[in-house]
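Dropping final31.tsv in here (TSV, C-alpha atoms):
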```tsv
chain	number	residue	atom	x	y	z
N	1143	MET	CA	-10.74	5.97	-18.69
N	1144	THR	CA	-11.77	2.31	-18.73
N	1145	LEU	CA	-9.03	0.06	-17.40
N	1146	ASP	CA	-8.05	-3.14	-19.16
N	1147	LEU	CA	-9.31	-5.49	-16.45
N	1148	ASP	CA	-8.10	-8.55	-18.35
N	1149	ALA	CA	-4.53	-7.22	-18.23
N	1150	TYR	CA	-4.83	-6.16	-14.57
N	1151	PHE	CA	-6.18	-9.52	-13.42
N	1152	ALA	CA	-3.49	-11.34	-15.41
N	1153	ARG	CA	-0.87	-9.17	-13.69
N	1154	ILE	CA	-2.09	-10.11	-10.21
N	1155	GLY	CA	-2.91	-13.71	-11.10
N	1156	TRP	CA	-6.61	-13.44	-10.24
N	1157	SER	CA	-9.55	-15.13	-11.91
N	1158	GLY	CA	-13.09	-15.10	-10.65
N	1159	GLU	CA	-16.55	-13.77	-11.18
N	1160	ARG	CA	-16.36	-10.03	-11.69
N	1161	ARG	CA	-19.08	-8.92	-9.30
N	1162	PRO	CA	-19.03	-6.34	-6.46
N	1163	THR	CA	-19.14	-8.83	-3.57
N	1164	VAL	CA	-17.21	-9.06	-0.32
N	1165	GLU	CA	-15.45	-12.23	-1.46
N	1166	VAL	CA	-14.30	-10.56	-4.69
N	1167	LEU	CA	-13.07	-7.55	-2.70
N	1168	ARG	CA	-11.08	-9.80	-0.37
N	1169	SER	CA	-9.56	-11.98	-3.05
N	1170	VAL	CA	-8.65	-9.15	-5.43
N	1171	HIS	CA	-7.07	-7.20	-2.54
N	1172	ARG	CA	-4.89	-10.17	-1.52
N	1173	ALA	CA	-3.96	-10.97	-5.12
N	1174	HIS	CA	-2.88	-7.35	-5.69
N	1175	MET	CA	-0.71	-7.47	-2.56
N	1176	LEU	CA	0.97	-10.65	-3.76
N	1177	GLY	CA	1.17	-9.59	-7.40
N	1178	ILE	CA	2.59	-6.05	-7.55
N	1179	PRO	CA	5.60	-4.84	-5.53
N	1180	PHE	CA	5.98	-1.61	-3.58
N	1181	GLU	CA	8.86	0.61	-4.78
N	1182	ASN	CA	9.83	4.26	-5.03
N	1183	LEU	CA	12.38	4.52	-7.84
N	1184	GLU	CA	10.96	7.75	-9.34
N	1185	PRO	CA	11.33	9.85	-6.15
N	1186	VAL	CA	14.85	8.49	-5.57
N	1187	LEU	CA	15.75	9.43	-9.14
N	1188	GLY	CA	14.30	12.93	-8.72
N	1189	SER	CA	10.77	12.92	-10.15
N	1190	ALA	CA	7.18	12.51	-8.97
N	1191	PRO	CA	5.35	9.50	-10.43
N	1192	SER	CA	2.24	10.20	-12.48
N	1193	LEU	CA	-1.11	9.33	-10.91
N	1194	GLU	CA	-2.97	9.42	-14.23
N	1195	LEU	CA	-4.71	6.09	-14.84
N	1196	PRO	CA	-3.19	5.45	-18.29
N	1197	ASP	CA	0.28	5.95	-16.80
N	1198	LEU	CA	-0.50	3.73	-13.80
N	1199	GLU	CA	-1.82	0.99	-16.05
N	1200	GLU	CA	1.27	1.18	-18.25
N	1201	LYS	CA	3.68	1.16	-15.30
N	1202	LEU	CA	2.16	-1.21	-12.72
N	1203	VAL	CA	0.23	-3.52	-15.05
N	1204	ARG	CA	2.14	-3.72	-18.33
N	1205	SER	CA	5.73	-2.81	-17.45
N	1206	GLU	CA	6.37	-5.09	-14.44
N	1207	ARG	CA	7.00	-2.15	-12.15
N	1208	GLY	CA	5.67	-1.34	-8.71
N	1209	GLY	CA	4.82	1.91	-6.99
N	1210	TYR	CA	3.99	3.49	-3.67
N	1211	CYS	CA	0.66	4.12	-1.94
N	1212	TYR	CA	-0.84	6.75	-4.29
N	1213	GLU	CA	-0.11	4.59	-7.32
N	1214	HIS	CA	-1.29	1.28	-5.87
N	1215	ASN	CA	-4.45	2.61	-4.28
N	1216	THR	CA	-5.41	4.88	-7.19
N	1217	LEU	CA	-5.17	1.84	-9.45
N	1218	LEU	CA	-7.13	-0.45	-7.13
N	1219	ALA	CA	-9.79	2.21	-6.53
N	1220	ALA	CA	-10.33	2.46	-10.29
N	1221	VAL	CA	-10.55	-1.33	-10.61
N	1222	LEU	CA	-13.06	-1.62	-7.78
N	1223	THR	CA	-15.17	1.24	-9.14
N	1224	GLN	CA	-15.24	-0.44	-12.54
N	1225	LEU	CA	-16.40	-3.66	-10.86
N	1226	GLY	CA	-19.32	-1.81	-9.25
N	1227	PHE	CA	-18.05	-1.04	-5.72
N	1228	ARG	CA	-18.49	2.40	-4.18
N	1229	VAL	CA	-15.07	3.78	-3.22
N	1230	THR	CA	-14.25	6.78	-1.02
N	1231	LEU	CA	-10.61	7.91	-0.92
N	1232	LEU	CA	-9.09	8.73	2.48
N	1233	THR	CA	-5.76	9.83	3.95
N	1234	ALA	CA	-3.95	8.76	7.10
N	1235	ARG	CA	-1.12	9.78	9.40
N	1236	VAL	CA	1.49	7.03	9.64
N	1237	VAL	CA	2.22	6.51	13.35
N	1238	VAL	CA	4.32	3.34	13.32
N	1239	GLY	CA	7.75	4.30	14.63
N	1240	ALA	CA	6.61	7.76	15.76
N	1241	ALA	CA	7.86	9.08	19.08
N	1242	PRO	CA	5.29	10.12	21.73
N	1243	GLY	CA	3.94	13.56	20.89
N	1244	ASP	CA	5.01	13.44	17.24
N	1245	VAL	CA	2.40	14.78	14.83
N	1246	ARG	CA	3.03	13.58	11.32
N	1247	PRO	CA	1.23	14.92	8.23
N	1248	ARG	CA	-1.49	12.97	6.50
N	1249	THR	CA	0.50	11.50	3.65
N	1250	HIS	CA	-0.81	7.95	3.28
N	1251	MET	CA	-3.61	7.08	0.85
N	1252	LEU	CA	-6.22	4.41	1.64
N	1253	MET	CA	-9.89	3.85	0.84
N	1254	GLN	CA	-13.31	3.06	2.22
N	1255	VAL	CA	-15.20	0.53	0.13
N	1256	ASP	CA	-18.95	-0.04	0.29
N	1257	VAL	CA	-20.61	-3.22	-0.94
N	1258	GLU	CA	-24.29	-3.16	-1.87
N	1259	GLY	CA	-26.34	-5.10	0.66
N	1260	GLU	CA	-23.64	-4.99	3.38
N	1261	SER	CA	-24.25	-2.87	6.47
N	1262	ALA	CA	-20.55	-2.27	7.20
N	1263	SER	CA	-18.00	-0.50	5.01
N	1264	TRP	CA	-14.52	-1.90	4.48
N	1265	LEU	CA	-11.05	-0.41	4.84
N	1266	ALA	CA	-8.94	-1.39	1.82
N	1267	ASP	CA	-5.27	-0.51	1.35
N	1268	VAL	CA	-2.75	-2.18	-0.98
N	1269	GLY	CA	-0.16	0.60	-0.79
N	1270	PHE	CA	1.21	0.56	2.75
N	1271	GLY	CA	4.90	-0.27	2.37
N	1272	SER	CA	5.30	-2.20	5.59
N	1273	HIS	CA	5.19	-5.72	7.01
N	1274	GLY	CA	2.20	-4.42	9.00
N	1275	ALA	CA	0.16	-3.83	5.83
N	1276	LEU	CA	-3.27	-5.36	5.34
N	1277	LEU	CA	-3.36	-8.43	3.13
N	1278	GLU	CA	-7.16	-8.25	2.97
N	1279	PRO	CA	-9.67	-5.47	3.70
N	1280	ILE	CA	-10.97	-5.13	7.25
N	1281	PRO	CA	-14.53	-4.15	8.24
N	1282	LEU	CA	-14.80	-0.49	9.27
N	1283	VAL	CA	-16.22	-1.42	12.66
N	1284	VAL	CA	-14.72	-0.38	15.98
N	1285	ASP	CA	-12.72	-3.22	17.59
N	1286	ALA	CA	-13.03	-5.31	14.42
N	1287	GLU	CA	-10.27	-7.91	14.13
N	1288	LEU	CA	-8.98	-9.53	10.97
N	1289	LEU	CA	-6.87	-12.66	10.80
N	1290	ASP	CA	-5.45	-12.05	7.34
N	1291	THR	CA	-3.09	-15.00	7.72
N	1292	PRO	CA	-0.20	-14.79	8.47
N	1293	ARG	CA	-1.02	-11.30	9.77
N	1294	HIS	CA	-3.46	-10.13	12.41
N	1295	HIS	CA	-5.04	-6.66	12.42
N	1296	ARG	CA	-7.65	-4.68	14.30
N	1297	LEU	CA	-9.34	-1.27	14.11
N	1298	VAL	CA	-9.88	0.88	17.19
N	1299	HIS	CA	-10.85	4.45	17.92
N	1300	ALA	CA	-7.96	6.71	19.00
N	1301	PRO	CA	-8.13	9.88	21.15
N	1302	HIS	CA	-8.77	12.90	18.97
N	1303	ASP	CA	-9.86	16.54	19.40
N	1304	GLY	CA	-11.51	16.94	16.01
N	1305	PRO	CA	-15.19	16.60	15.08
N	1306	LEU	CA	-14.75	13.25	13.30
N	1307	GLU	CA	-13.90	9.95	14.97
N	1308	MET	CA	-10.27	8.95	14.64
N	1309	TRP	CA	-9.65	5.37	13.53
N	1310	GLU	CA	-6.40	3.53	14.16
N	1311	LEU	CA	-5.20	0.43	12.32
N	1312	GLN	CA	-3.10	-1.86	14.49
N	1313	THR	CA	-1.20	-5.06	13.78
N	1314	GLU	CA	-0.41	-7.80	16.27
N	1315	LYS	CA	3.33	-8.04	16.78
N	1316	GLY	CA	4.91	-10.34	19.32
N	1317	GLY	CA	1.85	-10.42	21.54
N	1318	TYR	CA	1.01	-6.71	21.53
N	1319	TRP	CA	-0.88	-4.38	19.19
N	1320	GLU	CA	1.35	-1.98	17.26
N	1321	PRO	CA	-0.34	1.14	15.79
N	1322	GLN	CA	0.24	1.58	12.04
N	1323	TYR	CA	-1.72	4.66	10.99
N	1324	GLU	CA	-4.65	6.88	12.00
N	1325	PHE	CA	-7.37	8.35	9.81
N	1326	THR	CA	-10.82	9.90	9.73
N	1327	LEU	CA	-13.53	9.23	7.18
N	1328	GLU	CA	-13.25	12.64	5.51
N	1329	PRO	CA	-13.23	12.10	1.72
N	1330	PHE	CA	-10.26	13.29	-0.33
N	1331	GLU	CA	-10.15	13.91	-4.07
N	1332	ALA	CA	-7.60	13.36	-6.84
N	1333	PRO	CA	-6.17	16.93	-6.68
N	1334	ASP	CA	-5.44	16.43	-2.98
N	1335	TYR	CA	-3.23	13.45	-3.80
N	1336	GLU	CA	-1.50	15.34	-6.59
N	1337	VAL	CA	-0.30	17.85	-3.97
N	1338	ILE	CA	0.68	15.17	-1.42
N	1339	ASN	CA	2.38	13.06	-4.07
N	1340	TRP	CA	4.46	16.00	-5.26
N	1341	HIS	CA	5.52	16.82	-1.69
N	1342	ILE	CA	6.48	13.25	-0.81
N	1343	ALA	CA	8.35	12.69	-4.09
N	1344	THR	CA	10.28	15.95	-4.32
N	1345	ASN	CA	10.81	17.36	-0.81
N	1346	PRO	CA	14.48	16.67	-0.02
N	1347	ARG	CA	13.53	15.82	3.58
N	1348	SER	CA	11.07	13.15	2.50
N	1349	PRO	CA	12.31	9.63	3.30
N	1350	PHE	CA	11.05	8.47	-0.11
N	1351	ARG	CA	13.37	11.01	-1.74
N	1352	GLN	CA	16.43	9.88	0.21
N	1353	ALA	CA	16.59	6.09	-0.16
N	1354	VAL	CA	15.18	3.13	-2.05
N	1355	TYR	CA	12.26	1.41	-0.33
N	1356	ALA	CA	10.75	-1.78	-1.68
N	1357	GLN	CA	8.36	-4.40	-0.31
N	1358	ARG	CA	7.27	-7.72	-1.75
N	1359	THR	CA	4.77	-10.05	-0.11
N	1360	LEU	CA	5.06	-13.62	-1.30
N	1361	PRO	CA	3.48	-16.89	-0.10
N	1362	GLY	CA	5.37	-17.70	3.09
N	1363	LEU	CA	7.73	-14.70	2.96
N	1364	HIS	CA	7.88	-10.91	3.13
N	1365	ARG	CA	10.85	-9.01	1.66
N	1366	ALA	CA	11.72	-5.43	2.61
N	1367	LEU	CA	14.49	-3.27	1.23
N	1368	SER	CA	15.43	-0.01	2.98
N	1369	GLY	CA	18.41	1.69	1.42
N	1370	ARG	CA	20.90	-1.17	1.23
N	1371	THR	CA	19.40	-3.24	4.06
N	1372	LEU	CA	17.48	-6.31	2.91
N	1373	VAL	CA	15.21	-8.00	5.47
N	1374	GLU	CA	13.29	-11.21	4.84
N	1375	THR	CA	10.59	-12.27	7.30
N	1376	ALA	CA	9.14	-15.77	7.01
N	1377	ASP	CA	5.59	-16.53	8.07
N	1378	ASP	CA	6.94	-18.42	11.10
N	1379	GLY	CA	8.65	-15.22	12.31
N	1380	THR	CA	12.19	-16.10	11.23
N	1381	VAL	CA	14.05	-12.95	10.18
N	1382	THR	CA	17.20	-12.76	8.04
N	1383	GLU	CA	19.00	-9.51	7.30
N	1384	ARG	CA	21.96	-8.52	5.16
N	1385	GLU	CA	23.60	-5.40	3.80
N	1386	LEU	CA	23.90	-5.04	0.04
N	1387	ALA	CA	27.31	-4.07	-1.29
N	1388	ASP	CA	26.48	-1.13	-3.55
N	1389	SER	CA	23.90	0.50	-5.80
N	1390	ALA	CA	24.46	-2.06	-8.52
N	1391	GLU	CA	23.49	-4.85	-6.12
N	1392	VAL	CA	20.43	-2.85	-5.03
N	1393	LEU	CA	19.24	-2.74	-8.65
N	1394	ARG	CA	19.97	-6.44	-9.13
N	1395	VAL	CA	18.02	-7.38	-5.98
N	1396	LEU	CA	15.11	-5.17	-7.03
N	1397	ALA	CA	14.95	-6.99	-10.34
N	1398	GLU	CA	15.58	-10.55	-9.18
N	1399	ASP	CA	14.02	-10.64	-5.70
N	1400	PHE	CA	11.30	-8.00	-5.93
N	1401	GLY	CA	10.25	-8.47	-9.54
N	1402	VAL	CA	10.80	-4.84	-10.53
N	1403	ARG	CA	11.75	-4.34	-14.17
N	1404	ILE	CA	14.49	-1.73	-13.94
N	1405	PRO	CA	14.30	0.96	-16.66
N	1406	GLU	CA	17.25	0.79	-19.01
N	1407	GLY	CA	20.08	3.10	-18.00
N	1408	THR	CA	18.95	3.49	-14.36
N	1409	VAL	CA	21.77	4.64	-12.07
N	1410	LEU	CA	20.99	5.23	-8.41
N	1411	PRO	CA	22.46	8.34	-6.74
N	1412	GLY	CA	25.31	7.83	-4.31
```
Representation of the structure as C-alpha cells:
Amino acid sequence: MTLDLDAYFARIGWSGERRPTVEVLRSVHRAHMLGIPFENLEPVLGSAPSLELPDLEEKLVRSERGGYCYEHNTLLAAVLTQLGFRVTLLTARVVVGAAPGDVRPRTHMLMQVDVEGESASWLADVGFGSHGALLEPIPLVVDAELLDTPRHHRLVHAPHDGPLEMWELQTEKGGYWEPQYEFTLEPFEAPDYEVINWHIATNPRSPFRQAVYAQRTLPGLHRALSGRTLVETADDGTVTERELADSAEVLRVLAEDFGVRIPEGTVLPG
C-alpha cells in the first residue's frame, strides 16, 4: 500500500522537503508526537485494533483518533520507508516502574532507522505512552545523550546474558536517570506484532484491557490519563492532578483535551 503522505503530513502539521535526511527524520518524529494522541479505546471496549495500513491511515490520519505503540510505529515506519529511509522493527521490555528482579515480556514496538550516508543508526519511537517518551530520535550509540527539549534522554548498555547487546533507554528525571525500556537489535516482522497486539488487547490481565490510557504532548504541556486520573505536567515541572467524576467525563476529556474523536455510541465499561 502507498500511504497518502499529503494527508499524513497535514494531520501532523508538517511541511518540508520529503527527503530521507536526519533533519527530516527528527522533524517528522517530533511533529507526529505533537500531532497524534496515544489512546487505547479498542482494547478497553473489547477488541484488538487492526494493524493493516489502510485501517491505520483511516483511523489515525483521517478520523482524528489515536492509538498505541503498534499503531503509531507501524504507521511511522511505513511513512519513513516511503520517504526512502531503511527501517528495522524492534521490540522492547518496558522496565519503568518494574520491581527489582521483574522480567516483563517484550511487548513494546520501536524501530531502528538508517539514513544513507550516516554512520550511526537512529532509535525512533512515537508510540511509547509515557512522559518519558522520545520527542525526537536518538542515535543508536552507547552513552549517546539527546536533549529533546523539554526532555533529556540517553542510551546505555544494560547487563544481559544473551548473545546480543542489550540497550536501555533512560530519561533524566529530577537529577537521575530513570530506565524506560530495554531492547536488542533483533529484527521483528509484522506477524510478530499481530501476536503481541492480540495478547495486549485481549488478555484480561493486560493493563491496556483494564483501563483507559491516553497521552497528549503539546507545546509546553504533557497530558496523561490513566483510568480516571488526569495528570498535566508543564515543561517547567509543575504538575496538576485531578480525578474525573465518571465514564462520561472520561469520554468528554478524551475528546476535548486529548483531541480524540469518540466513535458514536461509545460507552465505557464500569
Surrounding residues of segment 1358-1361 of chain N excluding itself and chain neighbours under 3 positions, 6 Å, only C-alpha atoms, as a PyMOL selection string: chain N and resi 1176+1179+1364-1365+1400
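Of note, atom CA of Val1284 of chain N and atom CA of Glu1258 of chain N are spaced 20.4 Å apart.
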List as a PDB file with C-alpha atoms, in the coordinates of the input: which residues have an atom within 10 Å of (-15.5, -0.1, -1.4), counting all atoms listed in the file?
```pdb
ATOM      1  CA  PRO N1162     -19.030  -6.340  -6.460  1.00  0.00           C
ATOM      2  CA  THR N1163     -19.140  -8.830  -3.570  1.00  0.00           C
ATOM      3  CA  VAL N1164     -17.210  -9.060  -0.320  1.00  0.00           C
ATOM      4  CA  LEU N1167     -13.070  -7.550  -2.700  1.00  0.00           C
ATOM      5  CA  ALA N1219      -9.790   2.210  -6.530  1.00  0.00           C
ATOM      6  CA  LEU N1222     -13.060  -1.620  -7.780  1.00  0.00           C
ATOM      7  CA  THR N1223     -15.170   1.240  -9.140  1.00  0.00           C
ATOM      8  CA  GLY N1226     -19.320  -1.810  -9.250  1.00  0.00           C
ATOM      9  CA  PHE N1227     -18.050  -1.040  -5.720  1.00  0.00           C
ATOM     10  CA  ARG N1228     -18.490   2.400  -4.180  1.00  0.00           C
ATOM     11  CA  VAL N1229     -15.070   3.780  -3.220  1.00  0.00           C
ATOM     12  CA  THR N1230     -14.250   6.780  -1.020  1.00  0.00           C
ATOM     13  CA  LEU N1231     -10.610   7.910  -0.920  1.00  0.00           C
ATOM     14  CA  MET N1253      -9.890   3.850   0.840  1.00  0.00           C
ATOM     15  CA  GLN N1254     -13.310   3.060   2.220  1.00  0.00           C
ATOM     16  CA  VAL N1255     -15.200   0.530   0.130  1.00  0.00           C
ATOM     17  CA  ASP N1256     -18.950  -0.040   0.290  1.00  0.00           C
ATOM     18  CA  VAL N1257     -20.610  -3.220  -0.940  1.00  0.00           C
ATOM     19  CA  GLU N1258     -24.290  -3.160  -1.870  1.00  0.00           C
ATOM     20  CA  SER N1263     -18.000  -0.500   5.010  1.00  0.00           C
ATOM     21  CA  TRP N1264     -14.520  -1.900   4.480  1.00  0.00           C
ATOM     22  CA  LEU N1265     -11.050  -0.410   4.840  1.00  0.00           C
ATOM     23  CA  ALA N1266      -8.940  -1.390   1.820  1.00  0.00           C
ATOM     24  CA  PRO N1279      -9.670  -5.470   3.700  1.00  0.00           C
TER      25      PRO N1279
END
```
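Residue nearest Gly1304 of chain N, chosen from N:Tyr1150, N:Trp1319, N:Phe1325, N:Tyr1212 and counting all atoms listed in the file: N:Phe1325.
Going from atom CA of Leu1297 of chain N over to atom CA of Phe1270 of chain N, you cover 15.6 Å.
You will find atom CA of Pro1333 of chain N at 20.3 Å from atom CA of Phe1350 of chain N.
If all atoms listed in the file are the atoms counted, then among N:Glu1324, N:Lys1315, N:Arg1384, N:Asn1182 the closest residue to Val1298 of chain N is N:Glu1324.
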Which residue of N:Thr1408, N:Ser1157, N:Thr1382, N:Gln1312 approaches His1294 of chain N most closely, using all atoms listed in the file: N:Gln1312
Given 6 Å of margin on each side, can you work out the centre and size in Å (one decimal) of an axis-aligned box holding every listed atom of segment 1237-1247 of chain N, as lines of an AutoDock Vina configuration file?
```
center_x = 4.5
center_y = 9.1
center_z = 15.0
size_x = 18.6
size_y = 23.6
size_z = 25.5
```
Expected residue set, 12 Å radius at (20.4, -4.2, -6.9), all atoms listed in the file, as JSON, numbers by chain: {"N": [1183, 1354, 1355, 1356, 1367, 1368, 1369, 1370, 1371, 1372, 1385, 1386, 1387, 1388, 1389, 1390, 1391, 1392, 1393, 1394, 1395, 1396, 1397, 1398, 1399, 1400, 1401, 1402, 1403, 1404, 1408, 1409, 1410]}
Distance query Gly1362 of chain N at most 12 Å, only C-alpha atoms, self and fewer than 4 positions along chain excluded, as number ranges by chain: N: 1176, 1291-1293, 1358, 1374-1380
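Between Glu1336 of chain N and the residues N:Glu1159, N:Glu1194, N:Glu1278, N:Glu1165, the shortest atom-to-atom distance, using only C-alpha atoms, involves N:Glu1194.
Ranking N:Leu1276, N:Ala1300, N:Val1237, N:Leu1147 by their shortest atom-to-atom distance to Gln1224 of chain N, with only C-alpha atoms included, puts N:Leu1147 first.
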Pick from N:Arg1235, N:Arg1161, N:His1174, N:Arg1248, whichever lies nearest to Asp1334 of chain N using only C-alpha atoms: N:Arg1248
Polymer residues at most 9 Å from Gly1209 of chain N, all atoms listed in the file, same-chain spacing of 5 or more positions, as a PyMOL selection string: chain N and resi 1178-1184+1191+1198+1201-1202+1214+1269+1356
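Non-sequential neighbours of Gly1239 of chain N (distance at most 10 Å, separation of 6 or more positions within a chain, all atoms listed in the file) are Glu1320, Pro1321 and Gln1322 of chain N.
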